[in-house]
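Here is the file data.pdb (PDB, C-alpha atoms (C1' of nucleotides)).
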ATOM      1  CA  MET A   1      16.006 -31.373  35.748
ATOM      2  CA  LYS A   2      12.303 -31.974  35.872
ATOM      3  CA  ARG A   3      10.461 -34.143  33.363
ATOM      4  CA  GLU A   4       8.435 -31.642  31.394
ATOM      5  CA  PRO A   5       5.413 -32.529  29.313
ATOM      6  CA  GLN A   6       6.514 -33.033  25.742
ATOM      7  CA  LEU A   7       6.266 -29.999  23.494
ATOM      8  CA  ARG A   8       4.949 -30.546  20.028
ATOM      9  CA  ILE A   9       6.959 -28.896  17.285
ATOM     10  CA  ASP A  10       5.784 -29.102  13.696
ATOM     11  CA  PRO A  11       8.248 -27.580  11.248
ATOM     12  CA  ASP A  12       5.563 -27.661   8.547
ATOM     13  CA  LEU A  13       3.263 -25.228  10.308
ATOM     14  CA  PRO A  14       3.367 -21.667   9.013
ATOM     15  CA  VAL A  15       4.387 -20.455  12.465
ATOM     16  CA  PRO A  16       8.122 -20.352  13.145
ATOM     17  CA  VAL A  17       9.626 -22.952  15.430
ATOM     18  CA  TYR A  18      10.944 -20.551  18.043
ATOM     19  CA  ARG A  19       7.434 -19.177  18.425
ATOM     20  CA  GLN A  20       5.975 -22.658  18.764
ATOM     21  CA  VAL A  21       8.411 -23.209  21.595
ATOM     22  CA  VAL A  22       7.457 -19.901  23.228
ATOM     23  CA  ASP A  23       3.739 -20.586  22.916
ATOM     24  CA  GLY A  24       4.030 -24.131  24.192
ATOM     25  CA  LEU A  25       6.125 -23.191  27.186
ATOM     26  CA  ARG A  26       3.962 -20.173  27.992
ATOM     27  CA  SER A  27       0.959 -22.467  28.253
ATOM     28  CA  LEU A  28       2.780 -24.638  30.749
ATOM     29  CA  LEU A  29       3.871 -21.573  32.691
ATOM     30  CA  VAL A  30       0.435 -19.980  32.830
ATOM     31  CA  GLU A  31      -1.138 -23.273  33.835
ATOM     32  CA  ARG A  32       1.510 -23.733  36.507
ATOM     33  CA  ALA A  33       2.724 -27.008  35.117
ATOM     34  CA  LEU A  34       6.046 -25.222  35.356
ATOM     35  CA  GLN A  35       6.382 -23.426  38.659
ATOM     36  CA  PRO A  36       8.715 -20.809  40.062
ATOM     37  CA  GLY A  37      11.983 -22.445  40.964
ATOM     38  CA  ASP A  38      11.696 -25.189  38.373
ATOM     39  CA  ALA A  39      14.615 -25.621  36.037
ATOM     40  CA  LEU A  40      13.981 -25.945  32.317
ATOM     41  CA  PRO A  41      16.153 -28.163  30.153
ATOM     42  CA  THR A  42      19.278 -26.509  28.832
ATOM     43  CA  VAL A  43      19.005 -24.968  25.400
ATOM     44  CA  ARG A  44      21.095 -27.824  24.014
ATOM     45  CA  GLU A  45      19.026 -30.540  25.662
ATOM     46  CA  LEU A  46      15.713 -29.130  24.528
ATOM     47  CA  GLY A  47      17.139 -28.434  21.088
ATOM     48  CA  MET A  48      18.152 -32.093  20.804
ATOM     49  CA  GLU A  49      14.791 -33.293  22.033
ATOM     50  CA  LEU A  50      12.886 -31.130  19.576
ATOM     51  CA  GLY A  51      15.281 -31.653  16.710
ATOM     52  CA  VAL A  52      16.154 -27.996  16.266
ATOM     53  CA  HIS A  53      19.274 -25.940  16.728
ATOM     54  CA  PHE A  54      20.027 -24.868  20.284
ATOM     55  CA  ASN A  55      20.112 -21.243  19.215
ATOM     56  CA  THR A  56      16.478 -21.562  18.208
ATOM     57  CA  VAL A  57      15.635 -22.675  21.731
ATOM     58  CA  ALA A  58      17.844 -19.932  23.149
ATOM     59  CA  GLU A  59      15.847 -17.351  21.196
ATOM     60  CA  ALA A  60      12.625 -18.740  22.660
ATOM     61  CA  TYR A  61      14.059 -18.653  26.189
ATOM     62  CA  ARG A  62      15.133 -15.061  25.663
ATOM     63  CA  LEU A  63      11.618 -14.021  24.661
ATOM     64  CA  LEU A  64      10.135 -15.733  27.684
ATOM     65  CA  ALA A  65      12.751 -14.070  29.883
ATOM     66  CA  ALA A  66      11.749 -10.725  28.359
ATOM     67  CA  GLU A  67       8.139 -11.521  29.287
ATOM     68  CA  GLY A  68       9.284 -12.083  32.829
ATOM     69  CA  TRP A  69       8.842 -15.844  33.024
ATOM     70  CA  LEU A  70      12.447 -17.008  33.139
ATOM     71  CA  ASP A  71      15.711 -16.137  34.740
ATOM     72  CA  LEU A  72      18.580 -16.985  32.437
ATOM     73  CA  ARG A  73      22.101 -17.348  33.717
ATOM     74  CA  ARG A  74      25.104 -18.969  32.202
ATOM     75  CA  ARG A  75      26.017 -22.262  33.670
ATOM     76  CA  ARG A  76      22.840 -22.377  35.753
ATOM     77  CA  GLY A  77      20.348 -22.711  32.921
ATOM     78  CA  ALA A  78      16.822 -21.365  32.766
ATOM     79  CA  ILE A  79      14.895 -21.072  36.011
ATOM     80  CA  VAL A  80      11.190 -20.253  36.249
ATOM     81  CA  THR A  81      10.667 -17.048  38.208
ATOM     82  CA  GLU A  82       7.848 -15.499  40.154
ATOM     83  CA  ARG A  83       6.099 -13.150  37.775
ATOM     84  CA  ALA A  84       4.064 -10.178  38.855
ATOM     85  CA  ALA A  85       0.571 -10.051  37.401
ATOM     86  CA  PRO A  86       0.815  -7.597  34.527
ATOM     87  CA  ARG A  87      -1.575  -4.738  34.019
ATOM     88  CA  GLN A  88      -4.122  -5.462  31.343
ATOM     89  CA  GLN A  89      -3.264  -4.154  27.909
ATOM     90  CA  PRO A  90      -5.871  -1.638  26.706
ATOM     91  CA  GLN A  91      -7.044  -3.606  23.692
ATOM     92  CA  ALA A  92      -6.471  -7.050  25.137
ATOM     93  CA  GLU A  93     -10.148  -7.903  25.280
ATOM     94  CA  GLU A  94     -11.033  -6.942  21.746
ATOM     95  CA  GLN A  95      -7.916  -8.597  20.408
ATOM     96  CA  PHE A  96      -8.771 -11.805  22.230
ATOM     97  CA  SER A  97     -12.272 -11.727  20.821
ATOM     98  CA  ARG A  98     -10.957 -11.334  17.301
ATOM     99  CA  SER A  99      -8.254 -14.002  17.609
ATOM    100  CA  LEU A 100     -10.738 -16.418  19.117
ATOM    101  CA  ARG A 101     -13.206 -15.881  16.303
ATOM    102  CA  GLN A 102     -10.492 -16.394  13.738
ATOM    103  CA  LEU A 103      -9.279 -19.558  15.403
ATOM    104  CA  ILE A 104     -12.793 -20.948  15.473
ATOM    105  CA  ALA A 105     -13.383 -19.962  11.868
ATOM    106  CA  GLN A 106     -10.229 -21.778  10.887
ATOM    107  CA  VAL A 107     -11.094 -25.054  12.546
ATOM    108  CA  ARG A 108     -14.652 -24.854  11.272
ATOM    109  CA  ALA A 109     -13.202 -24.462   7.801
ATOM    110  CA  ASP A 110     -11.135 -27.579   8.537
ATOM    111  CA  GLY A 111     -14.325 -29.472   9.165
ATOM    112  CA  LEU A 112     -14.423 -29.510  12.935
ATOM    113  CA  SER A 113     -18.073 -29.609  13.993
ATOM    114  CA  VAL A 114     -19.718 -26.806  15.915
ATOM    115  CA  ARG A 115     -20.588 -29.400  18.530
ATOM    116  CA  ALA A 116     -16.949 -30.375  19.028
ATOM    117  CA  ILE A 117     -15.977 -26.723  19.213
ATOM    118  CA  THR A 118     -18.536 -25.744  21.818
ATOM    119  CA  LYS A 119     -17.616 -28.825  23.817
ATOM    120  CA  GLU A 120     -14.014 -27.718  23.897
ATOM    121  CA  LEU A 121     -14.971 -24.139  24.740
ATOM    122  CA  GLU A 122     -17.071 -25.354  27.643
ATOM    123  CA  ARG A 123     -14.285 -27.606  28.832
ATOM    124  CA  LEU A 124     -11.838 -24.731  28.886
ATOM    125  CA  THR A 125     -14.354 -22.426  30.557
ATOM    126  CA  LEU A 126     -14.868 -24.954  33.304
ATOM    127  CA  GLU A 127     -11.155 -25.496  33.669
ATOM    128  CA  LEU A 128     -10.635 -21.782  34.155
ATOM    129  CA  THR A 129     -13.493 -21.444  36.619
ATOM    130  CA  VAL A 130     -12.336 -24.149  38.984
TER     131      VAL A 130
ATOM    132  CA  MET B   1     -19.555  -3.966  -4.410
ATOM    133  CA  LYS B   2     -20.846  -4.600  -0.946
ATOM    134  CA  ARG B   3     -19.743  -2.628   2.108
ATOM    135  CA  GLU B   4     -17.720  -5.160   4.024
ATOM    136  CA  PRO B   5     -16.916  -4.831   7.693
ATOM    137  CA  GLN B   6     -13.531  -3.230   8.059
ATOM    138  CA  LEU B   7     -10.616  -5.633   8.368
ATOM    139  CA  ARG B   8      -7.975  -4.777  10.923
ATOM    140  CA  ILE B   9      -4.427  -5.048   9.670
ATOM    141  CA  ASP B  10      -1.528  -4.446  12.019
ATOM    142  CA  PRO B  11       1.834  -4.526  10.268
ATOM    143  CA  ASP B  12       3.578  -4.718  13.653
ATOM    144  CA  LEU B  13       2.107  -8.071  14.576
ATOM    145  CA  PRO B  14       4.427 -11.035  14.083
ATOM    146  CA  VAL B  15       1.900 -12.594  11.705
ATOM    147  CA  PRO B  16       2.317 -11.637   8.054
ATOM    148  CA  VAL B  17      -0.173  -9.251   6.497
ATOM    149  CA  TYR B  18      -1.443 -11.625   3.829
ATOM    150  CA  ARG B  19      -2.310 -14.089   6.577
ATOM    151  CA  GLN B  20      -4.111 -11.422   8.578
ATOM    152  CA  VAL B  21      -6.195 -10.759   5.494
ATOM    153  CA  VAL B  22      -6.901 -14.462   5.027
ATOM    154  CA  ASP B  23      -7.854 -14.956   8.674
ATOM    155  CA  GLY B  24     -10.044 -11.883   8.776
ATOM    156  CA  LEU B  25     -11.897 -12.741   5.605
ATOM    157  CA  ARG B  26     -12.279 -16.389   6.588
ATOM    158  CA  SER B  27     -14.043 -15.308   9.752
ATOM    159  CA  LEU B  28     -16.499 -13.262   7.726
ATOM    160  CA  LEU B  29     -17.009 -16.175   5.354
ATOM    161  CA  VAL B  30     -17.568 -18.781   8.050
ATOM    162  CA  GLU B  31     -19.945 -16.477   9.893
ATOM    163  CA  ARG B  32     -21.790 -15.797   6.652
ATOM    164  CA  ALA B  33     -21.214 -12.061   6.809
ATOM    165  CA  LEU B  34     -19.989 -12.708   3.295
ATOM    166  CA  GLN B  35     -22.338 -14.990   1.418
ATOM    167  CA  PRO B  36     -22.160 -16.959  -1.784
ATOM    168  CA  GLY B  37     -22.600 -14.606  -4.691
ATOM    169  CA  ASP B  38     -21.177 -11.591  -2.885
ATOM    170  CA  ALA B  39     -18.390  -9.734  -4.619
ATOM    171  CA  LEU B  40     -15.297  -8.818  -2.677
ATOM    172  CA  PRO B  41     -13.428  -5.593  -3.378
ATOM    173  CA  THR B  42     -10.866  -5.846  -6.133
ATOM    174  CA  VAL B  43      -7.334  -6.587  -5.052
ATOM    175  CA  ARG B  44      -6.401  -2.989  -5.788
ATOM    176  CA  GLU B  45      -9.317  -1.504  -3.856
ATOM    177  CA  LEU B  46      -8.742  -3.606  -0.777
ATOM    178  CA  GLY B  47      -5.017  -3.041  -1.025
ATOM    179  CA  MET B  48      -5.629   0.713  -1.001
ATOM    180  CA  GLU B  49      -8.022   0.465   1.908
ATOM    181  CA  LEU B  50      -5.617  -1.600   3.995
ATOM    182  CA  GLY B  51      -2.539   0.278   2.944
ATOM    183  CA  VAL B  52      -0.758  -2.714   1.446
ATOM    184  CA  HIS B  53       0.307  -3.702  -2.021
ATOM    185  CA  PHE B  54      -2.390  -5.239  -4.205
ATOM    186  CA  ASN B  55      -0.249  -8.309  -4.725
ATOM    187  CA  THR B  56      -0.422  -8.956  -1.011
ATOM    188  CA  VAL B  57      -4.203  -8.980  -1.226
ATOM    189  CA  ALA B  58      -4.028 -11.105  -4.370
ATOM    190  CA  GLU B  59      -1.986 -13.689  -2.465
ATOM    191  CA  ALA B  60      -4.615 -13.757   0.269
ATOM    192  CA  TYR B  61      -7.423 -14.176  -2.279
ATOM    193  CA  ARG B  62      -5.514 -17.035  -3.899
ATOM    194  CA  LEU B  63      -5.235 -18.878  -0.599
ATOM    195  CA  LEU B  64      -8.937 -18.442   0.079
ATOM    196  CA  ALA B  65      -9.700 -19.626  -3.444
ATOM    197  CA  ALA B  66      -7.534 -22.684  -2.775
ATOM    198  CA  GLU B  67      -9.604 -23.328   0.355
ATOM    199  CA  GLY B  68     -12.710 -23.213  -1.791
ATOM    200  CA  TRP B  69     -14.171 -19.934  -0.607
ATOM    201  CA  LEU B  70     -13.657 -17.739  -3.641
ATOM    202  CA  ASP B  71     -13.959 -17.839  -7.376
ATOM    203  CA  LEU B  72     -11.328 -15.635  -8.967
ATOM    204  CA  ARG B  73     -11.643 -14.449 -12.542
ATOM    205  CA  ARG B  74      -9.960 -11.658 -14.343
ATOM    206  CA  ARG B  75     -12.100  -8.645 -14.934
ATOM    207  CA  ARG B  76     -14.871 -10.024 -12.743
ATOM    208  CA  GLY B  77     -13.088  -9.907  -9.428
ATOM    209  CA  ALA B  78     -13.490 -12.232  -6.469
ATOM    210  CA  ILE B  79     -16.865 -13.861  -5.921
ATOM    211  CA  VAL B  80     -17.845 -15.844  -2.841
ATOM    212  CA  THR B  81     -18.761 -19.411  -3.796
ATOM    213  CA  GLU B  82     -20.794 -22.168  -2.268
ATOM    214  CA  ARG B  83     -18.380 -24.355  -0.382
ATOM    215  CA  ALA B  84     -18.947 -27.992   0.382
ATOM    216  CA  ALA B  85     -18.528 -28.900   4.032
ATOM    217  CA  PRO B  86     -15.071 -30.444   4.263
ATOM    218  CA  ARG B  87     -14.356 -33.709   5.961
ATOM    219  CA  GLN B  88     -12.837 -33.257   9.373
ATOM    220  CA  GLN B  89      -9.076 -33.409   9.519
ATOM    221  CA  PRO B  90      -7.912 -36.295  11.703
ATOM    222  CA  GLN B  91      -6.115 -34.185  14.300
ATOM    223  CA  ALA B  92      -8.359 -31.145  14.061
ATOM    224  CA  GLU B  93      -9.762 -31.560  17.546
ATOM    225  CA  GLU B  94      -6.484 -31.940  19.385
ATOM    226  CA  GLN B  95      -4.941 -29.115  17.411
ATOM    227  CA  PHE B  96      -7.845 -26.847  18.270
ATOM    228  CA  SER B  97      -7.497 -27.699  21.923
ATOM    229  CA  ARG B  98      -3.815 -26.861  21.897
ATOM    230  CA  SER B  99      -4.200 -23.616  19.933
ATOM    231  CA  LEU B 100      -7.012 -22.512  22.195
ATOM    232  CA  ARG B 101      -4.970 -23.157  25.322
ATOM    233  CA  GLN B 102      -2.056 -21.250  23.868
ATOM    234  CA  LEU B 103      -4.238 -18.326  22.892
ATOM    235  CA  ILE B 104      -5.701 -18.175  26.376
ATOM    236  CA  ALA B 105      -2.265 -18.450  27.958
ATOM    237  CA  GLN B 106      -1.100 -15.559  25.835
ATOM    238  CA  VAL B 107      -3.888 -13.186  26.780
ATOM    239  CA  ARG B 108      -3.625 -14.195  30.423
ATOM    240  CA  ALA B 109       0.044 -13.312  30.216
ATOM    241  CA  ASP B 110      -1.058  -9.964  28.788
ATOM    242  CA  GLY B 111      -3.111  -9.364  31.884
ATOM    243  CA  LEU B 112      -6.579 -10.234  30.678
ATOM    244  CA  SER B 113      -8.551 -11.541  33.623
ATOM    245  CA  VAL B 114      -9.857 -15.066  33.821
ATOM    246  CA  ARG B 115     -13.287 -13.551  34.269
ATOM    247  CA  ALA B 116     -13.063 -11.613  31.010
ATOM    248  CA  ILE B 117     -11.803 -14.714  29.238
ATOM    249  CA  THR B 118     -14.557 -17.000  30.428
ATOM    250  CA  LYS B 119     -17.111 -14.333  29.594
ATOM    251  CA  GLU B 120     -15.843 -14.224  26.038
ATOM    252  CA  LEU B 121     -15.732 -18.018  25.805
ATOM    253  CA  GLU B 122     -19.320 -18.226  26.969
ATOM    254  CA  ARG B 123     -20.366 -15.540  24.547
ATOM    255  CA  LEU B 124     -18.835 -17.417  21.642
ATOM    256  CA  THR B 125     -20.295 -20.713  22.815
ATOM    257  CA  LEU B 126     -23.747 -19.163  22.883
ATOM    258  CA  GLU B 127     -23.233 -17.566  19.506
ATOM    259  CA  LEU B 128     -22.343 -20.943  18.021
ATOM    260  CA  THR B 129     -25.269 -22.701  19.658
ATOM    261  CA  VAL B 130     -27.956 -20.377  18.371
TER     262      VAL B 130
ATOM    263  C1'  DG C   1     -13.406  -4.684 -32.289
ATOM    264  C1'  DT C   2     -11.505  -1.653 -28.629
ATOM    265  C1'  DC C   3     -10.021  -0.753 -24.357
ATOM    266  C1'  DA C   4      -9.949  -0.241 -19.621
ATOM    267  C1'  DA C   5     -10.260  -3.050 -15.527
ATOM    268  C1'  DT C   6      -9.222  -7.118 -13.650
ATOM    269  C1'  DG C   7      -6.350 -11.047 -11.733
ATOM    270  C1'  DT C   8      -1.636 -13.239 -12.826
ATOM    271  C1'  DA C   9       3.351 -13.900 -13.346
ATOM    272  C1'  DC C  10       7.643 -13.171 -12.037
ATOM    273  C1'  DA C  11      11.771 -10.451 -10.819
ATOM    274  C1'  DT C  12      13.525  -7.824  -7.039
ATOM    275  C1'  DT C  13      14.156  -6.268  -2.492
ATOM    276  C1'  DG C  14      13.927  -6.445   2.330
ATOM    277  C1'  DT C  15      13.224  -8.947   6.539
ATOM    278  C1'  DA C  16      12.885 -12.949   9.399
ATOM    279  C1'  DT C  17      14.259 -17.542  10.584
ATOM    280  C1'  DA C  18      17.391 -21.089  11.471
ATOM    281  C1'  DT C  19      21.931 -22.512  11.755
ATOM    282  C1'  DG C  20      27.249 -22.561  12.467
ATOM    283  C1'  DT C  21      30.933 -21.278  15.198
ATOM    284  C1'  DA C  22      33.420 -18.916  18.539
ATOM    285  C1'  DC C  23      33.199 -16.934  22.960
ATOM    286  C1'  DA C  24      32.415 -15.093  27.913
ATOM    287  C1'  DT C  25      30.874 -16.617  32.221
ATOM    288  C1'  DT C  26      30.319 -19.405  36.135
ATOM    289  C1'  DC C  27      30.051 -23.153  39.206
ATOM    290  C1'  DA C  28      32.002 -27.622  40.913
ATOM    291  C1'  DA C  29      35.873 -30.210  41.909
ATOM    292  C1'  DC C  30      40.068 -30.438  43.617
TER     293       DC C  30
ATOM    294  C1'  DG D   1      42.591 -20.357  44.315
ATOM    295  C1'  DT D   2      42.950 -22.805  39.760
ATOM    296  C1'  DT D   3      41.024 -25.389  36.292
ATOM    297  C1'  DG D   4      37.864 -26.985  33.205
ATOM    298  C1'  DA D   5      33.624 -28.260  31.439
ATOM    299  C1'  DA D   6      28.894 -26.731  30.895
ATOM    300  C1'  DT D   7      26.115 -23.032  30.203
ATOM    301  C1'  DG D   8      23.885 -18.972  27.835
ATOM    302  C1'  DT D   9      25.440 -15.226  24.426
ATOM    303  C1'  DA D  10      27.064 -12.903  20.244
ATOM    304  C1'  DC D  11      27.327 -12.512  15.773
ATOM    305  C1'  DA D  12      28.185 -14.055  10.958
ATOM    306  C1'  DT D  13      26.061 -16.720   7.429
ATOM    307  C1'  DA D  14      22.663 -19.120   4.536
ATOM    308  C1'  DT D  15      18.134 -19.699   3.348
ATOM    309  C1'  DA D  16      13.310 -18.976   3.158
ATOM    310  C1'  DC D  17       9.565 -15.990   3.276
ATOM    311  C1'  DA D  18       6.992 -11.576   2.684
ATOM    312  C1'  DA D  19       6.032  -7.536   0.366
ATOM    313  C1'  DT D  20       6.570  -4.822  -3.500
ATOM    314  C1'  DG D  21       7.340  -3.186  -8.552
ATOM    315  C1'  DT D  22       6.345  -3.821 -13.126
ATOM    316  C1'  DA D  23       4.715  -5.926 -17.107
ATOM    317  C1'  DC D  24       1.266  -8.831 -18.948
ATOM    318  C1'  DA D  25      -2.839 -11.909 -20.360
ATOM    319  C1'  DT D  26      -7.720 -12.033 -20.116
ATOM    320  C1'  DT D  27     -12.275 -10.506 -20.408
ATOM    321  C1'  DG D  28     -16.550  -8.048 -20.371
ATOM    322  C1'  DA D  29     -18.894  -3.484 -21.566
ATOM    323  C1'  DC D  30     -19.749  -0.582 -24.977
TER     324       DC D  30
END

Just dump the structure as structure tokens.
Amino acid sequence: MKREPQLRIDPDLPVPVYRQVVDGLRSLLVERALQPGDALPTVRELGMELGVHFNTVAEAYRLLAAEGWLDLRRRRGAIVTERAAPRQQPQAEEQFSRSLRQLIAQVRADGLSVRAITKELERLTLELTV
Amino acid sequence: MKREPQLRIDPDLPVPVYRQVVDGLRSLLVERALQPGDALPTVRELGMELGVHFNTVAEAYRLLAAEGWLDLRRRRGAIVTERAAPRQQPQAEEQFSRSLRQLIAQVRADGLSVRAITKELERLTLELTV
DNA sequence: GTCAATGTACATTGTATATGTACATTCAAC
DNA sequence: GTTGAATGTACATATACAATGTACATTGAC
């Protein structure tokens, strides 16, 4: 069992816990912090660690398995799989543009400066380019 | 009553409709497409247009009013107000970084190319800088 | 002063989320 | 090969949240 970077779960956010788990793990998977062959914690272990019921973690694992990231088998746990590059969804680009704008609008409304935002955008751009 | 840009509501998304309305309108407010003094459609009008119940729109308006964007009065409707720049939330920056990474991970998982993503990031960066 | 148009209040219904509990499966040990 | 403990799964339950239905209080135009 590999030491994964700690996921942050905030039960007060308006987004359900199982989705926070999915989103957090998907980041690690896309960024290859979790690689094919790696074993994730068992649903009970991760549930303990995050302070949620193991069925909540199981639901998250199931969604990620449905997306093609994980191979779930009883007694063996959750193993990261090779995942074929998916074909681009037709409206993916426009949807991304909209979501990004909304995210930025939200943090601007929370008082984050335009400077801090552009800095972060540039950081991520660079990170993707390398 | 001003002609607002059309909001996109998708009842199939896992994010509730009233939040889609809030997020969409907040974008327009932050980007000044809706300016102080402008009148929004009535809750019934916008409800009709989006195909949702007017109380759903009313809930969205209430949240935006609580954030300081709108002035709600019976019979007058919803008016965009001047809004004082808020103080930055302590963890705003880290939260933005995390949300942004997760958003990018999601669209990459949906097959959007890194090239398309960076292009959009650069576009938004530029837009903020001007 | 009247009244129609507005946002509000709140009850109701439906759906989603999180948990509790029992179970089927499978691998390791022997 | 049998056994048993550890795993993910299945499904029932409780609760919270979202969306609607309906009635109402307020207010500005006339």

Could you pull the residues within 10 Å of Gly47 of chain A, counting all atoms listed in the file, minus those fewer than 5 positions along the same chain, as a PDB file with C-alpha atoms, keeping the file's coordinate frame?
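Wrote around-v5.pdb, looks like this:
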ATOM      1  CA  PRO A  41      16.153 -28.163  30.153  1.00  0.00           C
ATOM      2  CA  THR A  42      19.278 -26.509  28.832  1.00  0.00           C
ATOM      3  CA  VAL A  52      16.154 -27.996  16.266  1.00  0.00           C
ATOM      4  CA  HIS A  53      19.274 -25.940  16.728  1.00  0.00           C
ATOM      5  CA  PHE A  54      20.027 -24.868  20.284  1.00  0.00           C
ATOM      6  CA  ASN A  55      20.112 -21.243  19.215  1.00  0.00           C
ATOM      7  CA  THR A  56      16.478 -21.562  18.208  1.00  0.00           C
ATOM      8  CA  VAL A  57      15.635 -22.675  21.731  1.00  0.00           C
ATOM      9  CA  ALA A  58      17.844 -19.932  23.149  1.00  0.00           C
TER      10      ALA A  58
END

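In this model, the gap between atom CA of Tyr18 of chain B and atom CA of Ala60 of chain B comes to 5.2 Å.
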
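What separates atom CA of Arg75 of chain B from atom C1' of DT12 of chain C is a distance of 26.8 Å.
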
Contacts of Leu72 of chain A at 8 Å or less, counting all atoms listed in the file, minus same-chain residues fewer than 6 places along, as an mmCIF file with C-alpha atoms (C1' of nucleotides), in the frame of the given file?
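Contents of the output file selection15.cif:
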data_model
loop_
_atom_site.group_PDB
_atom_site.id
_atom_site.type_symbol
_atom_site.label_atom_id
_atom_site.label_comp_id
_atom_site.auth_asym_id
_atom_site.auth_seq_id
_atom_site.Cartn_x
_atom_site.Cartn_y
_atom_site.Cartn_z
ATOM 1 C CA TYR A 61 14.059 -18.653 26.189
ATOM 2 C CA ARG A 62 15.133 -15.061 25.663
ATOM 3 C CA ALA A 65 12.751 -14.070 29.883
ATOM 4 C CA ALA A 78 16.822 -21.365 32.766
ATOM 5 C CA ILE A 79 14.895 -21.072 36.011
ATOM 6 C "C1'" DG D 8 23.885 -18.972 27.835
#

Taking only C-alpha atoms into account, produce a table as a tab-separated table in which each residue of chain A with an atom at most 9 Å from an atom of chain B appears once, together with its shortest atom pair and the distance in Å to one decimal, ordered by chain and rising number.
residue	atom	partner	partner_atom	distance
A:Val15	CA	B:Val15	CA	8.3
A:Asp23	CA	B:Gln102	CA	5.9
A:Gly24	CA	B:Gln102	CA	6.7
A:Arg26	CA	B:Ala105	CA	6.5
A:Ser27	CA	B:Ala105	CA	5.2
A:Leu28	CA	B:Ala105	CA	8.5
A:Leu29	CA	B:Ala105	CA	8.4
A:Val30	CA	B:Ala105	CA	5.8
A:Glu31	CA	B:Ala105	CA	7.7
A:Glu67	CA	B:Ala109	CA	8.3
A:Ala85	CA	B:Gly111	CA	6.7
A:Pro86	CA	B:Gly111	CA	5.1
A:Arg87	CA	B:Gly111	CA	5.3
A:Gln88	CA	B:Gly111	CA	4.1
A:Gln89	CA	B:Asp110	CA	6.3
A:Ala92	CA	B:Leu112	CA	6.4
A:Glu93	CA	B:Leu112	CA	6.9
A:Gln95	CA	B:Val107	CA	8.8
A:Phe96	CA	B:Val107	CA	6.8
A:Ser97	CA	B:Glu120	CA	6.8
A:Arg98	CA	B:Gly24	CA	8.6
A:Ser99	CA	B:Leu103	CA	7.9
A:Leu100	CA	B:Leu103	CA	7.8
A:Arg101	CA	B:Ser27	CA	6.6
A:Gln102	CA	B:Ser27	CA	5.4
A:Leu103	CA	B:Leu100	CA	7.7
A:Ile104	CA	B:Ser27	CA	8.1
A:Ala105	CA	B:Ser27	CA	5.2
A:Gln106	CA	B:Arg26	CA	7.2
A:Val107	CA	B:Phe96	CA	6.8
A:Arg108	CA	B:Val30	CA	7.5
A:Ala109	CA	B:Val30	CA	7.2
A:Asp110	CA	B:Gln88	CA	6.0
A:Gly111	CA	B:Gln88	CA	4.1
A:Leu112	CA	B:Gln88	CA	5.4
A:Ser113	CA	B:Gln88	CA	7.9
A:Val114	CA	B:Leu128	CA	6.8
A:Arg115	CA	B:Thr129	CA	8.2
A:Ala116	CA	B:Glu93	CA	7.4
A:Ile117	CA	B:Glu93	CA	8.0
A:Thr118	CA	B:Thr125	CA	5.4
A:Lys119	CA	B:Thr125	CA	8.6
A:Glu120	CA	B:Ser97	CA	6.8
A:Leu121	CA	B:Leu121	CA	6.3
A:Glu122	CA	B:Thr125	CA	7.4
A:Leu124	CA	B:Arg101	CA	7.9
A:Thr125	CA	B:Thr118	CA	5.4
A:Leu126	CA	B:Thr118	CA	8.5
A:Leu128	CA	B:Val114	CA	6.8
A:Thr129	CA	B:Thr118	CA	7.7

For the file shown, report as an mmCIF file with C-alpha atoms, keeping the file's coordinate frame the outcome of the PyMOL selection byres ((chain A) within 7 of (chain D)) at residue level.
data_model
loop_
_atom_site.group_PDB
_atom_site.id
_atom_site.type_symbol
_atom_site.label_atom_id
_atom_site.label_comp_id
_atom_site.auth_asym_id
_atom_site.auth_seq_id
_atom_site.Cartn_x
_atom_site.Cartn_y
_atom_site.Cartn_z
ATOM 1 C CA ARG A 73 22.101 -17.348 33.717
ATOM 2 C CA ARG A 74 25.104 -18.969 32.202
ATOM 3 C CA ARG A 75 26.017 -22.262 33.670
ATOM 4 C CA ARG A 76 22.840 -22.377 35.753
ATOM 5 C CA GLY A 77 20.348 -22.711 32.921
#

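Reported to one decimal place, the separation of atom CA of Val21 of chain A from atom CA of Val43 of chain A is 11.4 Å.
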
Sorted per-residue table, chain C near chain B, closest atoms and distance, 6 Å, only C-alpha atoms (C1' of nucleotides), as JSON lines:
{"residue": "C:DA5", "atom": "C1'", "partner": "B:Arg75", "partner_atom": "CA", "distance": 5.9}
{"residue": "C:DT6", "atom": "C1'", "partner": "B:Arg75", "partner_atom": "CA", "distance": 3.5}
{"residue": "C:DG7", "atom": "C1'", "partner": "B:Arg74", "partner_atom": "CA", "distance": 4.5}

Atoms kept (C-alpha atoms (C1' of nucleotides)) for selection, written as an mmCIF file, keeping the file's coordinate frame:
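Final file, part25.cif:
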data_model
loop_
_atom_site.group_PDB
_atom_site.id
_atom_site.type_symbol
_atom_site.label_atom_id
_atom_site.label_comp_id
_atom_site.auth_asym_id
_atom_site.auth_seq_id
_atom_site.Cartn_x
_atom_site.Cartn_y
_atom_site.Cartn_z
ATOM 1 C "C1'" DA C 5 -10.260 -3.050 -15.527
ATOM 2 C "C1'" DT C 6 -9.222 -7.118 -13.650
ATOM 3 C "C1'" DG C 7 -6.350 -11.047 -11.733
#
